[in-house]
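Novice: So that you have it, the file is data.tsv, and it contains TSV, N, CA and C atoms and all ligand atoms:
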chain	number	residue	atom	x	y	z
T	87	MET	N	0.85	-1.20	0.00
T	87	MET	CA	0.00	0.00	0.00
T	87	MET	C	0.88	1.25	0.00
T	88	SER	N	0.61	2.16	-0.89
T	88	SER	CA	1.38	3.39	-0.94
T	88	SER	C	1.04	4.30	0.23
T	89	ASN	N	-0.03	3.98	0.91
T	89	ASN	CA	-0.45	4.79	2.04
T	89	ASN	C	0.60	4.79	3.14
T	90	GLN	N	1.34	3.70	3.23
T	90	GLN	CA	2.35	3.59	4.28
T	90	GLN	C	3.40	4.68	4.17
T	91	GLU	N	3.66	5.12	2.95
T	91	GLU	CA	4.71	6.10	2.76
T	91	GLU	C	4.32	7.47	3.30
T	92	LYS	N	3.01	7.67	3.48
T	92	LYS	CA	2.58	8.99	3.91
T	92	LYS	C	2.34	9.05	5.41
T	93	THR	N	2.54	7.94	6.07
T	93	THR	CA	2.31	7.93	7.51
T	93	THR	C	3.55	7.43	8.24
T	94	LYS	N	3.58	7.73	9.51
T	94	LYS	CA	4.65	7.22	10.37
T	94	LYS	C	4.01	6.74	11.66
T	95	GLU	N	4.71	5.86	12.35
T	95	GLU	CA	4.13	5.33	13.57
T	95	GLU	C	4.48	6.24	14.74
T	96	CYS	N	3.47	6.58	15.49
T	96	CYS	CA	3.69	7.44	16.66
T	96	CYS	C	4.27	6.60	17.79
T	97	PRO	N	5.40	7.02	18.38
T	97	PRO	CA	5.96	6.28	19.50
T	97	PRO	C	5.10	6.40	20.77
T	98	GLY	N	4.23	7.40	20.77
T	98	GLY	CA	3.42	7.61	21.96
T	98	GLY	C	2.23	6.67	22.03
T	99	CYS	N	1.57	6.46	20.87
T	99	CYS	CA	0.34	5.65	20.90
T	99	CYS	C	0.38	4.54	19.86
T	100	ALA	N	1.50	4.40	19.13
T	100	ALA	CA	1.67	3.32	18.15
T	100	ALA	C	0.63	3.36	17.05
T	101	MET	N	0.10	4.54	16.76
T	101	MET	CA	-0.86	4.69	15.68
T	101	MET	C	-0.16	5.33	14.48
T	102	ASP	N	-0.72	5.10	13.30
T	102	ASP	CA	-0.18	5.73	12.10
T	102	ASP	C	-0.71	7.15	12.01
T	103	VAL	N	0.21	8.09	11.90
T	103	VAL	CA	-0.18	9.49	11.79
T	103	VAL	C	0.47	10.04	10.53
T	104	PRO	N	-0.05	11.14	10.00
T	104	PRO	CA	0.55	11.73	8.80
T	104	PRO	C	2.02	12.00	8.99
T	105	LYS	N	2.80	11.70	7.95
T	105	LYS	CA	4.25	11.79	8.06
T	105	LYS	C	4.72	13.22	8.32
T	106	ASP	N	3.98	14.20	7.81
T	106	ASP	CA	4.41	15.58	7.98
T	106	ASP	C	3.86	16.22	9.24
T	107	ALA	N	3.20	15.42	10.09
T	107	ALA	CA	2.65	15.97	11.32
T	107	ALA	C	3.76	16.23	12.32
T	108	ASP	N	3.73	17.41	12.92
T	108	ASP	CA	4.73	17.73	13.96
T	108	ASP	C	4.29	17.19	15.30
T	109	VAL	N	2.97	17.12	15.48
T	109	VAL	CA	2.41	16.63	16.74
T	109	VAL	C	1.40	15.55	16.41
T	110	CYS	N	1.40	14.48	17.17
T	110	CYS	CA	0.45	13.39	16.94
T	110	CYS	C	-0.96	13.91	17.19
T	111	PRO	N	-1.86	13.77	16.20
T	111	PRO	CA	-3.25	14.25	16.40
T	111	PRO	C	-4.03	13.37	17.35
T	112	ILE	N	-3.50	12.22	17.69
T	112	ILE	CA	-4.23	11.27	18.54
T	112	ILE	C	-3.86	11.46	20.01
T	113	CYS	N	-2.56	11.46	20.29
T	113	CYS	CA	-2.14	11.53	21.70
T	113	CYS	C	-1.37	12.81	22.02
T	114	GLY	N	-1.05	13.60	20.99
T	114	GLY	CA	-0.36	14.86	21.24
T	114	GLY	C	1.13	14.73	21.36
T	115	TYR	N	1.67	13.56	21.03
T	115	TYR	CA	3.12	13.37	21.08
T	115	TYR	C	3.82	14.31	20.11
T	116	GLU	N	4.83	14.99	20.58
T	116	GLU	CA	5.59	15.89	19.71
T	116	GLU	C	6.74	15.14	19.09
T	117	PHE	N	6.73	15.06	17.77
T	117	PHE	CA	7.80	14.37	17.08
T	117	PHE	C	9.06	15.23	17.07
T	118	PRO	N	10.18	14.64	17.40
T	118	PRO	CA	11.43	15.40	17.36
T	118	PRO	C	11.75	15.77	15.93
T	119	LYS	N	11.83	17.04	15.68
T	119	LYS	CA	12.09	17.51	14.32
T	119	LYS	C	13.59	17.60	14.07
T	120	GLN	N	13.96	17.37	12.85
T	120	GLN	CA	15.35	17.56	12.44
T	120	GLN	C	15.36	18.68	11.41
T	121	PRO	N	15.19	19.90	11.88
T	121	PRO	CA	15.13	21.02	10.94
T	121	PRO	C	16.48	21.24	10.28
T	122	LEU	N	16.43	21.91	9.14
T	122	LEU	CA	17.64	22.16	8.36
T	122	LEU	C	18.68	22.90	9.19
T	123	SER	N	18.22	23.78	10.09
T	123	SER	CA	19.17	24.58	10.88
T	123	SER	C	20.02	23.69	11.77
T	124	VAL	N	19.46	22.58	12.24
T	124	VAL	CA	20.24	21.67	13.08
T	124	VAL	C	21.35	21.03	12.25
T	125	LYS	N	20.99	20.60	11.04
T	125	LYS	CA	22.00	20.00	10.17
T	125	LYS	C	23.09	21.01	9.84
T	126	ILE	N	22.70	22.23	9.55
T	126	ILE	CA	23.68	23.28	9.25
T	126	ILE	C	24.56	23.52	10.47
T	127	GLY	N	23.95	23.54	11.64
T	127	GLY	CA	24.72	23.72	12.87
T	127	GLY	C	25.74	22.61	13.07
T	128	VAL	N	25.36	21.39	12.76
T	128	VAL	CA	26.28	20.26	12.87
T	128	VAL	C	27.44	20.42	11.91
T	129	TRP	N	27.13	20.83	10.68
T	129	TRP	CA	28.19	21.00	9.69
T	129	TRP	C	29.14	22.13	10.08
T	130	ILE	N	28.59	23.21	10.65
T	130	ILE	CA	29.44	24.31	11.11
T	130	ILE	C	30.36	23.82	12.22
T	131	LEU	N	29.81	23.00	13.10
T	131	LEU	CA	30.60	22.45	14.21
T	131	LEU	C	31.74	21.58	13.66
T	132	ILE	N	31.42	20.73	12.69
T	132	ILE	CA	32.45	19.88	12.08
T	132	ILE	C	33.51	20.74	11.41
T	133	PHE	N	33.04	21.78	10.72
T	133	PHE	CA	33.96	22.68	10.02
T	133	PHE	C	34.90	23.36	11.01
T	134	LEU	N	34.33	23.85	12.12
T	134	LEU	CA	35.16	24.52	13.14
T	134	LEU	C	36.15	23.54	13.75
T	135	LEU	N	35.71	22.31	13.98
T	135	LEU	CA	36.61	21.30	14.52
T	135	LEU	C	37.76	21.03	13.57
T	136	LEU	N	37.44	20.97	12.28
T	136	LEU	CA	38.49	20.74	11.28
T	136	LEU	C	39.46	21.91	11.26
T	137	LEU	N	38.93	23.14	11.32
T	137	LEU	CA	39.78	24.33	11.35
T	137	LEU	C	40.69	24.29	12.57
T	138	TRP	N	40.10	23.95	13.71
T	138	TRP	CA	40.85	23.90	14.96
T	138	TRP	C	41.92	22.80	14.89
T	139	TYR	N	41.59	21.75	14.18
T	139	TYR	CA	42.51	20.62	14.08
T	139	TYR	C	43.72	20.95	13.20
T	140	PHE	N	43.45	21.68	12.13
T	140	PHE	CA	44.53	21.91	11.14
T	140	PHE	C	45.35	23.16	11.45
T	141	PHE	N	44.80	24.11	12.25
T	141	PHE	CA	45.56	25.34	12.47
T	141	PHE	C	45.96	25.53	13.92
J	1	ZN	ZN	0.31	9.36	19.23
Could you quickly redo this structure as structure tokens?

Specialist:
Amino acid sequence: MSNQEKTKECPGCAMDVPKDADVCPICGYEFPKQPLSVKIGVWILIFLLLLWYFF
């Protein structure tokens, strides 16, 4: 079923909720988001570590 691709399992209530939902509509569980800013922050950290390592 292609429907599976649009849903994810909520760790709070084990129900299928829309994949793009930030909060579970059933139990209110807040899904931990991985926003782009976090990834950028990680890359900046790696970059700074590399700079610190080489200089
Ligand atoms: Zn839930």

Novice: Would you work out the distance separating atom N of Trp129 in chain T from atom C of Glu91 in chain T, expressed in Å to one decimal?

Specialist: 27.4 Å

Novice: At a cut-off of 6 Å, can you tabulate as a tab-separated table every residue of chain T near ligand ZN 1 (chain J) together with its closest atom pair and the distance in Å to one decimal, using all atoms listed in the file and ordering rows by chain then number?

Specialist:
residue	atom	partner	partner_atom	distance
T:Cys96	CA	J:ZN1	ZN	4.7
T:Pro97	N	J:ZN1	ZN	5.7
T:Gly98	C	J:ZN1	ZN	4.3
T:Cys99	N	J:ZN1	ZN	3.6
T:Ala100	N	J:ZN1	ZN	5.1
T:Met101	N	J:ZN1	ZN	5.4
T:Cys110	CA	J:ZN1	ZN	4.6
T:Pro111	N	J:ZN1	ZN	5.8
T:Ile112	C	J:ZN1	ZN	4.7
T:Cys113	N	J:ZN1	ZN	3.7
T:Gly114	N	J:ZN1	ZN	4.8
T:Tyr115	N	J:ZN1	ZN	4.8

Novice: Within chain T, find each residue whose DSSP state, derived from the backbone, is strand (DSSP E), and express the selection as a PyMOL selection string.

Specialist: chain T and resi 93-95+102-104

Novice: As a PDB file with N, CA and C atoms, keeping the file's coordinate frame, please: every residue in chain T that DSSP puts in alpha helix (DSSP H).

Specialist:
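In the end it all went to selection.pdb:
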ATOM      1  N   LEU T 122      16.430  21.910   9.140  1.00  0.00           N
ATOM      2  CA  LEU T 122      17.640  22.160   8.360  1.00  0.00           C
ATOM      3  C   LEU T 122      18.680  22.900   9.190  1.00  0.00           C
ATOM      4  N   SER T 123      18.220  23.780  10.090  1.00  0.00           N
ATOM      5  CA  SER T 123      19.170  24.580  10.880  1.00  0.00           C
ATOM      6  C   SER T 123      20.020  23.690  11.770  1.00  0.00           C
ATOM      7  N   VAL T 124      19.460  22.580  12.240  1.00  0.00           N
ATOM      8  CA  VAL T 124      20.240  21.670  13.080  1.00  0.00           C
ATOM      9  C   VAL T 124      21.350  21.030  12.250  1.00  0.00           C
ATOM     10  N   LYS T 125      20.990  20.600  11.040  1.00  0.00           N
ATOM     11  CA  LYS T 125      22.000  20.000  10.170  1.00  0.00           C
ATOM     12  C   LYS T 125      23.090  21.010   9.840  1.00  0.00           C
ATOM     13  N   ILE T 126      22.700  22.230   9.550  1.00  0.00           N
ATOM     14  CA  ILE T 126      23.680  23.280   9.250  1.00  0.00           C
ATOM     15  C   ILE T 126      24.560  23.520  10.470  1.00  0.00           C
ATOM     16  N   GLY T 127      23.950  23.540  11.640  1.00  0.00           N
ATOM     17  CA  GLY T 127      24.720  23.720  12.870  1.00  0.00           C
ATOM     18  C   GLY T 127      25.740  22.610  13.070  1.00  0.00           C
ATOM     19  N   VAL T 128      25.360  21.390  12.760  1.00  0.00           N
ATOM     20  CA  VAL T 128      26.280  20.260  12.870  1.00  0.00           C
ATOM     21  C   VAL T 128      27.440  20.420  11.910  1.00  0.00           C
ATOM     22  N   TRP T 129      27.130  20.830  10.680  1.00  0.00           N
ATOM     23  CA  TRP T 129      28.190  21.000   9.690  1.00  0.00           C
ATOM     24  C   TRP T 129      29.140  22.130  10.080  1.00  0.00           C
ATOM     25  N   ILE T 130      28.590  23.210  10.650  1.00  0.00           N
ATOM     26  CA  ILE T 130      29.440  24.310  11.110  1.00  0.00           C
ATOM     27  C   ILE T 130      30.360  23.820  12.220  1.00  0.00           C
ATOM     28  N   LEU T 131      29.810  23.000  13.100  1.00  0.00           N
ATOM     29  CA  LEU T 131      30.600  22.450  14.210  1.00  0.00           C
ATOM     30  C   LEU T 131      31.740  21.580  13.660  1.00  0.00           C
ATOM     31  N   ILE T 132      31.420  20.730  12.690  1.00  0.00           N
ATOM     32  CA  ILE T 132      32.450  19.880  12.080  1.00  0.00           C
ATOM     33  C   ILE T 132      33.510  20.740  11.410  1.00  0.00           C
ATOM     34  N   PHE T 133      33.040  21.780  10.720  1.00  0.00           N
ATOM     35  CA  PHE T 133      33.960  22.680  10.020  1.00  0.00           C
ATOM     36  C   PHE T 133      34.900  23.360  11.010  1.00  0.00           C
ATOM     37  N   LEU T 134      34.330  23.850  12.120  1.00  0.00           N
ATOM     38  CA  LEU T 134      35.160  24.520  13.140  1.00  0.00           C
ATOM     39  C   LEU T 134      36.150  23.540  13.750  1.00  0.00           C
ATOM     40  N   LEU T 135      35.710  22.310  13.980  1.00  0.00           N
ATOM     41  CA  LEU T 135      36.610  21.300  14.520  1.00  0.00           C
ATOM     42  C   LEU T 135      37.760  21.030  13.570  1.00  0.00           C
ATOM     43  N   LEU T 136      37.440  20.970  12.280  1.00  0.00           N
ATOM     44  CA  LEU T 136      38.490  20.740  11.280  1.00  0.00           C
ATOM     45  C   LEU T 136      39.460  21.910  11.260  1.00  0.00           C
ATOM     46  N   LEU T 137      38.930  23.140  11.320  1.00  0.00           N
ATOM     47  CA  LEU T 137      39.780  24.330  11.350  1.00  0.00           C
ATOM     48  C   LEU T 137      40.690  24.290  12.570  1.00  0.00           C
ATOM     49  N   TRP T 138      40.100  23.950  13.710  1.00  0.00           N
ATOM     50  CA  TRP T 138      40.850  23.900  14.960  1.00  0.00           C
ATOM     51  C   TRP T 138      41.920  22.800  14.890  1.00  0.00           C
ATOM     52  N   TYR T 139      41.590  21.750  14.180  1.00  0.00           N
ATOM     53  CA  TYR T 139      42.510  20.620  14.080  1.00  0.00           C
ATOM     54  C   TYR T 139      43.720  20.950  13.200  1.00  0.00           C
ATOM     55  N   PHE T 140      43.450  21.680  12.130  1.00  0.00           N
ATOM     56  CA  PHE T 140      44.530  21.910  11.140  1.00  0.00           C
ATOM     57  C   PHE T 140      45.350  23.160  11.450  1.00  0.00           C
TER      58      PHE T 140
END

Novice: Just give me the gap between atom N of Lys94 in chain T and atom N of Asp108 in chain T in Å, one decimal is fine.

Specialist: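 Separating atom N of Lys94 in chain T from atom N of Asp108 in chain T is a distance of 10.3 Å.
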
Novice: For the atom pair atom N of Asp106 in chain T and atom C of Thr93 in chain T, what is the interatomic distance in Å to one decimal place?

Specialist: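 Distance reported for this atom pair: 6.8 Å.
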
Novice: Take every atom of range 121-136 of chain T listed in the file, fit an axis-aligned box around them, add 6 Å per side, and give the centre and edge lengths in Å to one decimal as JSON.

Specialist:
{"center_x": 27.3, "center_y": 22.2, "center_z": 11.4, "size_x": 36.3, "size_y": 16.7, "size_z": 18.2}

Novice: Which of these, T:Leu122, T:Lys92, T:Phe117, T:Leu131, has the shortest distance to Lys105 in chain T once you count only N, CA and C atoms?

Specialist: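 Using only N, CA and C atoms, Lys105 in chain T sits closest to T:Lys92.
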